[in-house]
file model06.txt (compact mmCIF, C-alpha atoms)
# COMPACT_ATOMS: atom_id res chain seq x y z
CA MET A 1 2.58 21.38 1.15
CA ARG A 2 -0.71 22.61 2.64
CA ARG A 3 -2.39 22.26 -0.74
CA LEU A 4 -1.17 18.66 -1.15
CA SER A 5 -1.93 17.61 2.46
CA CYS A 6 1.04 15.23 2.45
CA VAL A 7 3.96 14.26 0.21
CA GLN A 8 5.36 10.74 0.23
CA LEU A 9 9.03 10.15 1.03
CA ASP A 10 11.06 7.45 -0.66
CA SER A 11 14.73 6.56 -0.41
CA ILE A 12 15.34 5.73 -4.10
CA ALA A 13 17.41 8.43 -5.82
CA ALA A 14 17.95 7.04 -9.34
CA VAL A 15 16.71 10.39 -10.66
CA GLU A 16 16.11 12.39 -7.47
CA ARG A 17 14.38 11.84 -4.12
CA SER A 18 10.68 11.47 -4.84
CA HIS A 19 9.51 14.38 -2.68
CA ARG A 20 11.75 16.78 -4.61
CA ILE A 21 10.28 15.58 -7.91
CA VAL A 22 6.72 15.89 -6.54
CA LEU A 23 7.24 19.41 -5.24
CA GLY A 24 9.38 20.41 -8.21
CA ALA A 25 6.59 19.41 -10.60
CA ARG A 26 4.46 22.06 -8.91
CA VAL A 27 6.83 24.85 -7.87
CA GLY A 28 9.97 24.22 -9.92
CA HIS A 29 13.43 24.33 -8.38
CA TYR A 30 13.72 25.07 -4.68
CA PRO A 31 16.88 25.15 -2.53
CA ARG A 32 18.21 21.92 -1.12
CA GLY A 33 17.87 21.81 2.63
CA THR A 34 14.46 23.49 2.50
CA VAL A 35 12.61 20.42 3.82
CA SER A 36 15.09 19.90 6.66
CA ARG A 37 14.82 23.59 7.53
CA LEU A 38 11.02 23.45 7.60
CA LEU A 39 11.15 20.31 9.74
CA GLY A 40 13.51 21.98 12.20
CA GLU A 41 11.40 25.14 12.31
CA GLY A 42 8.30 23.14 13.18
CA ARG A 43 6.48 24.06 9.97
CA LEU A 44 6.38 20.51 8.61
CA PHE A 45 6.51 17.18 10.38
CA GLU A 46 7.26 13.71 9.15
CA PHE A 47 4.81 10.92 9.86
CA TRP A 48 2.97 7.90 8.51
CA ALA A 49 0.19 9.53 6.48
CA HIS A 50 -0.22 7.90 3.04
CA ALA A 51 3.14 6.29 3.75
CA ALA A 52 6.21 7.91 5.31
CA SER A 53 5.29 11.46 4.41
CA LEU A 54 5.86 15.15 4.95
CA VAL A 55 2.79 16.78 6.51
CA PRO A 56 1.97 20.43 7.35
CA ILE A 57 2.44 21.08 11.07
CA GLU A 58 -1.15 22.28 11.41
CA ASP A 59 -2.20 18.63 11.09
CA TRP A 60 -0.08 17.41 14.03
CA PRO A 61 -3.07 17.42 16.44
CA LEU A 62 -5.10 15.31 13.99
CA PHE A 63 -2.41 12.66 13.73
CA THR A 64 -1.98 12.31 17.48
CA PHE A 65 -4.92 9.90 17.24
CA ARG A 66 -2.90 7.60 14.96
CA MET A 67 0.18 8.02 17.16
CA ALA A 68 -1.74 6.93 20.26
CA ALA A 69 -3.31 3.99 18.44
CA ARG A 70 0.12 2.66 17.49
CA ARG A 71 1.13 2.35 21.15
CA THR A 72 -1.31 -0.55 21.48
CA GLN A 73 -0.28 -2.38 18.32
CA ARG A 74 1.45 -5.72 18.49
CA TRP A 75 4.61 -4.70 16.63
CA TYR A 76 5.19 -1.75 18.97
CA LEU A 77 4.71 -3.82 22.10
CA ALA A 78 7.04 -6.49 20.68
CA ASP A 79 9.75 -3.91 19.92
CA MET A 80 9.51 -2.46 23.41
CA ASP A 81 9.58 -5.91 25.01
CA ARG A 82 12.52 -7.08 22.89
CA ASN A 83 14.48 -3.92 23.72
CA ALA A 84 13.39 -3.43 27.32
CA GLY A 85 14.88 -0.34 28.93
CA LEU A 86 16.42 0.99 25.72
CA SER A 87 13.72 3.58 25.04
CA GLU A 88 14.44 5.31 28.37
CA GLN A 89 18.17 5.39 27.56
CA ILE A 90 17.56 6.80 24.08
CA LEU A 91 15.18 9.49 25.31
CA ALA A 92 17.61 10.46 28.07
CA ARG A 93 20.51 10.84 25.61
CA ILE A 94 18.49 12.94 23.17
CA ARG A 95 17.19 15.06 26.03
CA GLU A 96 20.76 15.69 27.19
CA GLU A 97 22.72 15.82 23.91
CA GLY A 98 20.15 17.16 21.44
CA PRO A 99 19.03 15.68 18.10
CA LEU A 100 20.64 12.33 17.26
CA GLY A 101 20.52 9.79 14.45
CA ALA A 102 20.66 6.01 14.59
CA ARG A 103 24.40 6.14 13.85
CA HIS A 104 24.98 7.83 17.21
CA PHE A 105 23.91 4.69 19.06
CA GLU A 106 25.88 1.49 19.40
CA GLY A 107 24.66 -1.93 18.37
CA ARG A 108 24.74 -4.32 15.44
CA ASN A 109 22.09 -4.89 12.83
CA ARG A 110 19.90 -7.93 13.43
CA PRO A 111 20.10 -10.34 10.47
CA GLY A 112 16.84 -12.08 9.70
CA SER A 113 14.55 -9.32 10.92
CA MET A 114 12.37 -7.44 8.44
CA TRP A 115 14.68 -4.43 8.06
CA GLY A 116 17.76 -5.83 9.73
CA TRP A 117 17.91 -2.84 12.06
CA LYS A 118 20.03 -2.68 15.18
CA PRO A 119 18.07 -2.45 18.46
CA ALA A 120 18.48 1.31 18.83
CA LYS A 121 17.11 1.93 15.33
CA GLU A 122 14.09 -0.29 16.09
CA VAL A 123 13.33 1.74 19.20
CA LEU A 124 13.95 5.09 17.52
CA GLU A 125 11.46 4.17 14.80
CA ALA A 126 8.92 2.92 17.33
CA LEU A 127 9.20 6.14 19.35
CA PHE A 128 8.85 8.16 16.14
CA ALA A 129 5.76 6.17 15.07
CA THR A 130 4.05 6.96 18.37
CA GLY A 131 4.98 10.65 18.51
CA GLU A 132 7.42 10.28 21.39
CA LEU A 133 10.17 11.45 19.03
CA VAL A 134 9.98 13.60 15.90
CA ILE A 135 12.23 14.07 12.91
CA ALA A 136 14.14 17.30 13.45
CA ARG A 137 15.85 17.15 10.06
CA ARG A 138 17.33 14.83 7.47
CA ASP A 139 21.09 14.39 7.30
CA GLY A 140 21.45 13.24 3.72
CA PHE A 141 18.42 10.99 3.86
CA GLN A 142 19.06 9.75 7.41
CA ARG A 143 16.52 10.68 10.05
CA ILE A 144 17.69 12.85 12.94
CA TYR A 145 15.40 12.46 15.95
CA ASP A 146 14.49 14.96 18.65
CA LEU A 147 11.93 15.49 21.39
CA PRO A 148 8.57 16.86 20.20
CA GLU A 149 8.63 19.73 22.68
CA ARG A 150 11.79 21.09 21.05
CA VAL A 151 10.36 21.06 17.52
CA VAL A 152 6.56 21.12 17.44
CA PRO A 153 5.00 24.53 18.20
CA VAL A 154 3.21 24.72 21.54
CA GLU A 155 -0.14 25.43 19.90
CA GLN A 156 -0.08 22.10 18.07
CA LEU A 157 1.72 20.13 20.78
CA THR A 158 -0.82 21.00 23.47
CA ALA A 159 -3.94 20.61 21.33
CA PRO A 160 -6.28 17.84 22.52
CA MET A 161 -6.16 14.48 20.79
CA PRO A 162 -9.18 14.09 18.48
CA SER A 163 -11.78 11.38 18.82
CA ALA A 164 -11.90 8.62 16.22
CA GLU A 165 -14.78 10.37 14.50
CA VAL A 166 -12.95 13.70 14.30
CA PHE A 167 -9.78 11.98 13.06
CA TYR A 168 -11.49 10.02 10.29
CA ARG A 169 -13.66 12.87 9.10
CA GLY A 170 -10.92 15.46 9.33
CA TYR A 171 -8.47 13.28 7.43
CA ILE A 172 -11.06 12.38 4.77
CA GLU A 173 -11.93 16.02 4.16
CA ARG A 174 -8.24 16.95 3.88
CA ALA A 175 -7.60 14.10 1.44
CA VAL A 176 -10.48 15.07 -0.84
CA ARG A 177 -9.53 18.75 -0.88
CA ALA A 178 -5.90 17.87 -1.58
CA ARG A 179 -6.61 15.47 -4.42
CA GLY A 180 -9.56 17.32 -5.94
CA VAL A 181 -11.65 14.22 -6.56
CA LEU A 182 -11.56 10.78 -4.94
CA THR A 183 -13.63 7.65 -4.78
CA GLU A 184 -14.18 6.09 -1.37
CA GLY A 185 -11.58 3.49 -2.34
CA GLY A 186 -9.18 6.32 -3.15
CA ILE A 187 -9.83 7.84 0.26
CA VAL A 188 -8.92 4.54 1.93
CA ASP A 189 -5.70 4.40 -0.09
CA HIS A 190 -4.75 8.04 0.47
CA CYS A 191 -5.29 7.85 4.23
CA ARG A 192 -4.18 4.22 4.62
CA PHE A 193 -7.30 3.38 6.58
CA GLN A 194 -7.96 -0.21 7.58
CA GLY A 195 -11.29 -1.89 6.93
CA GLU A 196 -11.64 -0.92 3.26
CA VAL A 197 -14.52 1.15 1.86
CA ARG A 198 -17.12 0.01 4.35
CA ALA A 199 -15.07 1.55 7.15
CA VAL A 200 -15.06 5.04 5.64
CA ARG A 201 -18.51 5.17 4.03
CA PRO A 202 -20.38 6.22 7.22
CA HIS A 203 -17.91 9.09 7.68
CA VAL A 204 -18.23 10.15 4.03
CA ASP A 205 -22.03 9.98 4.35
CA ALA A 206 -21.87 12.25 7.39
CA LEU A 207 -19.58 14.75 5.63
CA VAL A 208 -21.89 14.82 2.61
CA SER A 209 -24.97 15.27 4.82
CA SER A 210 -23.33 18.17 6.62
CA GLY A 211 -22.35 19.87 3.35
CA LEU A 212 -18.60 19.47 3.86
CA LEU A 213 -18.29 17.19 0.82
CA ARG A 214 -20.34 16.44 -2.30
CA ARG A 215 -20.85 13.05 -3.92
CA PHE A 216 -21.45 12.59 -7.66
CA ALA A 217 -22.39 9.63 -9.82
CA VAL A 218 -20.23 9.28 -12.93
CA GLU A 219 -21.48 8.47 -16.40
CA ASP A 220 -19.09 5.54 -16.81
CA GLY A 221 -21.03 3.63 -14.16
CA GLY A 222 -18.01 3.26 -11.88
CA PRO A 223 -17.93 4.10 -8.18
CA PRO A 224 -19.22 7.60 -7.35
CA VAL A 225 -16.70 10.35 -6.65
CA VAL A 226 -16.41 12.77 -3.75
CA VAL A 227 -15.35 16.40 -4.08
CA ALA A 228 -15.16 19.48 -1.88
CA PRO A 229 -18.36 21.58 -1.93
CA ASP A 230 -16.59 24.63 -3.40
CA VAL A 231 -14.55 22.82 -6.05
CA GLU A 232 -14.78 24.12 -9.63
CA LEU A 233 -15.71 21.23 -11.90
CA ASP A 234 -15.33 23.08 -15.21
CA VAL A 235 -11.89 24.66 -15.26
CA GLU A 236 -9.44 25.73 -17.93
CA VAL A 237 -7.05 23.00 -19.01
CA PRO A 238 -3.54 23.79 -17.73
CA ARG A 239 -0.71 24.15 -20.24
CA ALA A 240 2.09 22.79 -18.10
CA ALA A 241 4.19 19.78 -19.09
CA VAL A 242 5.69 17.96 -16.11
CA LEU A 243 7.24 14.59 -15.34
CA LEU A 244 5.67 12.91 -12.33
CA SER A 245 7.43 10.87 -9.68
CA PRO A 246 6.35 7.22 -9.50
CA PHE A 247 5.16 8.17 -5.99
CA ASP A 248 3.36 11.38 -6.94
CA ASN A 249 0.01 11.95 -5.25
CA LEU A 250 -1.69 11.97 -8.66
CA VAL A 251 -0.70 8.36 -9.38
CA TRP A 252 -1.33 6.77 -5.97
CA ASP A 253 -4.76 5.43 -6.91
CA ARG A 254 -3.84 3.23 -9.88
CA ALA A 255 -7.42 2.12 -10.62
CA PHE A 256 -8.73 5.69 -10.68
CA LEU A 257 -5.73 6.81 -12.75
CA GLU A 258 -6.63 4.25 -15.41
CA ARG A 259 -10.32 5.11 -15.20
CA VAL A 260 -9.81 8.85 -15.67
CA PHE A 261 -6.70 9.03 -17.86
CA GLY A 262 -6.74 5.60 -19.52
CA PHE A 263 -3.23 5.21 -18.14
CA HIS A 264 -2.23 1.78 -16.80
CA TYR A 265 0.70 2.33 -14.50
CA ARG A 266 2.89 -0.08 -12.61
CA VAL A 267 6.00 0.87 -10.68
CA GLU A 268 8.67 -1.49 -12.01
CA ILE A 269 11.39 -0.63 -9.52
CA TYR A 270 10.73 -3.87 -7.67
CA THR A 271 10.29 -5.95 -10.84
CA ARG A 272 13.12 -8.18 -12.05
CA PRO A 273 14.93 -6.50 -14.97
CA PRO A 274 13.92 -9.10 -17.61
CA GLU A 275 10.26 -8.56 -16.68
CA ARG A 276 10.24 -4.76 -16.90
CA VAL A 277 8.25 -3.26 -19.76
CA TYR A 278 9.28 0.40 -19.58
CA GLY A 279 12.30 0.59 -17.27
CA TYR A 280 13.51 0.93 -13.69
CA TYR A 281 12.53 4.49 -12.69
CA VAL A 282 9.82 5.62 -15.10
CA LEU A 283 8.12 9.00 -14.82
CA PRO A 284 4.72 9.63 -16.48
CA LEU A 285 4.60 12.74 -18.67
CA LEU A 286 1.59 14.94 -17.93
CA VAL A 287 0.77 17.51 -20.61
CA GLY A 288 -2.24 19.65 -19.83
CA ASP A 289 -4.87 17.16 -18.68
CA ARG A 290 -3.46 14.09 -20.46
CA LEU A 291 -0.84 11.53 -19.57
CA VAL A 292 0.88 11.12 -22.93
CA GLY A 293 3.97 9.02 -22.27
CA ARG A 294 6.55 7.56 -19.93
CA ALA A 295 10.19 8.57 -19.53
CA ASP A 296 12.80 6.11 -18.28
CA LEU A 297 15.33 8.38 -16.62
CA LYS A 298 18.56 8.26 -14.64
CA THR A 299 20.70 11.02 -13.18
CA ASP A 300 24.46 10.86 -13.66
CA ARG A 301 25.49 13.16 -10.83
CA ARG A 302 29.21 12.83 -11.45
CA ALA A 303 28.79 14.02 -15.04
CA GLY A 304 26.01 16.47 -14.15
CA VAL A 305 23.63 14.92 -16.68
CA LEU A 306 19.97 13.86 -16.62
CA ARG A 307 19.84 10.87 -18.99
CA LEU A 308 16.69 10.00 -20.90
CA LEU A 309 17.17 6.28 -21.47
CA ALA A 310 13.87 5.80 -23.32
CA PHE A 311 10.57 7.53 -23.95
CA HIS A 312 7.39 5.57 -24.62
CA ARG A 313 4.35 7.29 -26.12
CA GLU A 314 0.92 6.20 -24.95
CA PRO A 315 -1.35 4.43 -27.45
CA GLY A 316 -3.02 7.00 -29.69
CA VAL A 317 -0.39 9.66 -29.01
CA ARG A 318 1.40 10.59 -32.24
CA GLN A 319 4.95 11.82 -32.57
CA SER A 320 4.78 15.57 -33.14
CA ARG A 321 6.61 18.82 -32.60
CA ARG A 322 4.10 19.68 -29.88
CA LEU A 323 4.89 16.45 -28.00
CA GLU A 324 8.62 16.97 -28.46
CA ASP A 325 8.39 20.52 -27.13
CA ALA A 326 6.36 19.35 -24.11
CA LEU A 327 8.88 16.63 -23.31
CA GLU A 328 11.76 19.09 -23.64
CA ARG A 329 10.05 21.57 -21.28
CA ALA A 330 9.38 18.82 -18.73
CA LEU A 331 12.97 17.53 -18.91
CA THR A 332 14.36 21.06 -18.52
CA ARG A 333 12.17 21.64 -15.47
CA LEU A 334 13.23 18.33 -13.92
CA ALA A 335 16.91 18.97 -14.63
CA ALA A 336 16.63 22.25 -12.71
CA VAL A 337 15.06 20.43 -9.75
CA VAL A 338 17.77 17.75 -9.86
CA GLU A 339 20.40 20.49 -10.25
CA VAL A 340 22.28 19.11 -13.25
CA ALA A 341 23.62 21.17 -16.12
CA SER A 342 22.59 19.11 -19.12
CA ILE A 343 20.19 16.53 -20.55
CA SER A 344 21.19 13.62 -22.78
CA ARG A 345 19.08 11.22 -24.80
CA ASP A 346 20.70 7.79 -24.89
call {"tool": "encode", "arguments": {"input": "model06.txt", "output": "structure tokens"}}
result
Amino acid sequence: MRRLSCVQLDSIAAVERSHRIVLGARVGHYPRGTVSRLLGEGRLFEFWAHAASLVPIEDWPLFTFRMAARRTQRWYLADMDRNAGLSEQILARIREEGPLGARHFEGRNRPGSMWGWKPAKEVLEALFATGELVIARRDGFQRIYDLPERVVPVEQLTAPMPSAEVFYRGYIERAVRARGVLTEGGIVDHCRFQGEVRAVRPHVDALVSSGLLRRFAVEDGGPPVVVAPDVELDVEVPRAAVLLSPFDNLVWDRAFLERVFGFHYRVEIYTRPPERVYGYYVLPLLVGDRLVGRADLKTDRRAGVLRLLAFHREPGVRQSRRLEDALERALTRLAAVVEVASISRD
């Protein structure tokens, strides 16, 4: 988790929850409940980094800047105004009863609103977004909220809130070290900064001037890239074969993915079925330093089977024993992460 800086969460479980696939691609199988345990122990926290993400607890002080900024945003003020007095009631109950989920509060969902949440859920999410509540664990995939002082270690909780400059530069440096190489556009996307490239360039310039980052021109004439000063640029090609979540950190920056790997990727989960090219939940296959294909997968949990519905080779990638072996290794690794006994090819 520290190496990745953050890992995106997503509710879709057609194969497995995205964060398990992301972490499993790097460390293999790990026990279920590990993330909830680390959240409860104050070693990870959940927050809006790239998106809803898991973040190492050491970065809590950095993100207090974003938490404070959200208390002045229009949506937060509207939620508080629409649900006047409810935040005090929710905080009082959690203080008295301990960690609670949205299901522990009465109220009906509001039809017509963006998420259709009931009032208590709106307020719980607003308090979470501003750091007034934290996620103590996940019950299934449902958030369980608690007070920060009961979860976040004192060292992080009492650290001073950073200035805007410290926040931007600290987050940029973390993003670049985590991803290895980024363009300024990729930094904006990773960190979900507003204001596009022009907003981050002065901070990148300052980090480069101070020796904390390096900037390189690239022979293809595209935007320059930024790397950590101690990064090794000429490394041995890894031998691993892994299937990547559609929300893996490596594929966040679609333009850079295509530029570097020649891999045009579109998540088709939200595409109407007749318009899908490759399938609903499609995982890129990374072999060494090449993206060589796409696997349309689905987990049949009742039968204990990981089903390969289709596999599409990339242009220029030939069918071979080597490719077949790589796909088999990647499927076996993923099946272990998903915790199913067998793999089928439909």
call {"tool": "closest_residue", "arguments": {"input": "model06.txt", "among": "A:Glu232, A:Glu219, A:Glu173, A:Glu268", "to": "Leu207 in chain A", "atoms": "all atoms listed in the file"}}
result
A:Glu173
call {"tool": "residues_around", "arguments": {"input": "model06.txt", "residues": "range 13-19 of chain A", "least_positions_apart": "4", "cutoff": "6 Å", "atoms": "all atoms listed in the file", "output": "PyMOL selection string"}}
result
chain A and resi 9+245+298-299
call {"tool": "atom_distance", "arguments": {"input": "model06.txt", "atom1": "CA of Pro160 in chain A", "atom2": "CA of Pro61 in chain A"}}
result
6.9 Å
call {"tool": "residues_around", "arguments": {"input": "model06.txt", "residues": "Ala49 in chain A", "least_positions_apart": "5", "cutoff": "9 Å", "atoms": "all atoms listed in the file", "output": "JSON, numbers by chain"}}
result
{"A": [6, 7, 8, 54, 55, 63, 190, 191, 192]}
call {"tool": "closest_residue", "arguments": {"input": "model06.txt", "among": "A:Gly42, A:Pro148, A:Gly185, A:Gly170", "to": "Val226 in chain A", "atoms": "all atoms listed in the file"}}
result
A:Gly185
call {"tool": "build_atoms", "arguments": {"input": "model06.txt", "residues": "range 4-15 of chain A", "atoms": "all heavy atoms", "output": "mmCIF file, keeping the file's coordinate frame"}}
result
data_model
loop_
_atom_site.group_PDB
_atom_site.id
_atom_site.type_symbol
_atom_site.label_atom_id
_atom_site.label_comp_id
_atom_site.auth_asym_id
_atom_site.auth_seq_id
_atom_site.Cartn_x
_atom_site.Cartn_y
_atom_site.Cartn_z
ATOM 1 N N LEU A 4 -1.271 20.091 -0.860
ATOM 2 C CA LEU A 4 -1.170 18.660 -1.150
ATOM 3 C C LEU A 4 -1.561 17.783 0.036
ATOM 4 O O LEU A 4 -1.762 16.586 -0.135
ATOM 5 C CB LEU A 4 0.264 18.315 -1.581
ATOM 6 C CG LEU A 4 0.678 18.824 -2.962
ATOM 7 C CD1 LEU A 4 2.175 18.649 -3.150
ATOM 8 C CD2 LEU A 4 -0.080 18.098 -4.054
ATOM 9 N N SER A 5 -1.599 18.332 1.227
ATOM 10 C CA SER A 5 -1.930 17.610 2.460
ATOM 11 C C SER A 5 -0.773 16.756 2.951
ATOM 12 O O SER A 5 -0.439 16.790 4.130
ATOM 13 C CB SER A 5 -3.189 16.736 2.267
ATOM 14 O OG SER A 5 -3.417 15.922 3.382
ATOM 15 N N CYS A 6 -0.159 15.987 2.075
ATOM 16 C CA CYS A 6 1.040 15.230 2.450
ATOM 17 C C CYS A 6 1.805 14.887 1.178
ATOM 18 O O CYS A 6 1.227 14.831 0.094
ATOM 19 C CB CYS A 6 0.707 13.982 3.259
ATOM 20 S SG CYS A 6 -0.218 12.719 2.355
ATOM 21 N N VAL A 7 3.100 14.649 1.330
ATOM 22 C CA VAL A 7 3.960 14.260 0.210
ATOM 23 C C VAL A 7 4.763 13.054 0.659
ATOM 24 O O VAL A 7 5.430 13.083 1.695
ATOM 25 C CB VAL A 7 4.893 15.407 -0.212
ATOM 26 C CG1 VAL A 7 5.919 14.908 -1.224
ATOM 27 C CG2 VAL A 7 4.091 16.558 -0.805
ATOM 28 N N GLN A 8 4.690 11.991 -0.133
ATOM 29 C CA GLN A 8 5.360 10.740 0.230
ATOM 30 C C GLN A 8 6.871 10.861 0.113
ATOM 31 O O GLN A 8 7.398 11.478 -0.813
ATOM 32 C CB GLN A 8 4.864 9.610 -0.673
ATOM 33 C CG GLN A 8 5.431 8.240 -0.313
ATOM 34 C CD GLN A 8 4.831 7.131 -1.158
ATOM 35 O OE1 GLN A 8 3.815 7.317 -1.819
ATOM 36 N NE2 GLN A 8 5.459 5.959 -1.149
ATOM 37 N N LEU A 9 7.574 10.246 1.063
ATOM 38 C CA LEU A 9 9.030 10.150 1.030
ATOM 39 C C LEU A 9 9.441 8.780 0.523
ATOM 40 O O LEU A 9 8.769 7.785 0.799
ATOM 41 C CB LEU A 9 9.600 10.380 2.431
ATOM 42 C CG LEU A 9 9.394 11.775 3.017
ATOM 43 C CD1 LEU A 9 9.626 11.745 4.524
ATOM 44 C CD2 LEU A 9 10.321 12.781 2.355
ATOM 45 N N ASP A 10 10.535 8.739 -0.198
ATOM 46 C CA ASP A 10 11.060 7.450 -0.660
ATOM 47 C C ASP A 10 12.573 7.582 -0.792
ATOM 48 O O ASP A 10 13.085 8.639 -1.186
ATOM 49 C CB ASP A 10 10.443 7.060 -1.999
ATOM 50 C CG ASP A 10 10.795 5.638 -2.389
ATOM 51 O OD1 ASP A 10 10.152 4.707 -1.863
ATOM 52 O OD2 ASP A 10 11.724 5.448 -3.193
ATOM 53 N N SER A 11 13.278 6.504 -0.479
ATOM 54 C CA SER A 11 14.730 6.560 -0.410
ATOM 55 C C SER A 11 15.411 6.436 -1.775
ATOM 56 O O SER A 11 16.595 6.769 -1.912
ATOM 57 C CB SER A 11 15.251 5.453 0.509
ATOM 58 O OG SER A 11 14.882 4.177 -0.006
ATOM 59 N N ILE A 12 14.711 5.955 -2.794
ATOM 60 C CA ILE A 12 15.340 5.730 -4.100
ATOM 61 C C ILE A 12 15.701 7.065 -4.738
ATOM 62 O O ILE A 12 14.892 7.982 -4.786
ATOM 63 C CB ILE A 12 14.417 4.911 -5.019
ATOM 64 C CG1 ILE A 12 14.178 3.523 -4.411
ATOM 65 C CG2 ILE A 12 15.005 4.781 -6.428
ATOM 66 C CD1 ILE A 12 13.103 2.730 -5.100
ATOM 67 N N ALA A 13 16.927 7.157 -5.252
ATOM 68 C CA ALA A 13 17.410 8.430 -5.820
ATOM 69 C C ALA A 13 17.993 8.216 -7.208
ATOM 70 O O ALA A 13 18.941 8.899 -7.598
ATOM 71 C CB ALA A 13 18.437 9.052 -4.887
ATOM 72 N N ALA A 14 17.439 7.293 -7.986
ATOM 73 C CA ALA A 14 17.950 7.040 -9.340
ATOM 74 C C ALA A 14 17.889 8.304 -10.189
ATOM 75 O O ALA A 14 18.775 8.571 -11.003
ATOM 76 C CB ALA A 14 17.144 5.925 -9.996
ATOM 77 N N VAL A 15 16.840 9.088 -10.011
ATOM 78 C CA VAL A 15 16.710 10.390 -10.660
ATOM 79 C C VAL A 15 16.889 11.500 -9.631
ATOM 80 O O VAL A 15 17.722 12.384 -9.771
ATOM 81 C CB VAL A 15 15.349 10.523 -11.369
ATOM 82 C CG1 VAL A 15 15.157 11.937 -11.926
ATOM 83 C CG2 VAL A 15 15.214 9.495 -12.485
#
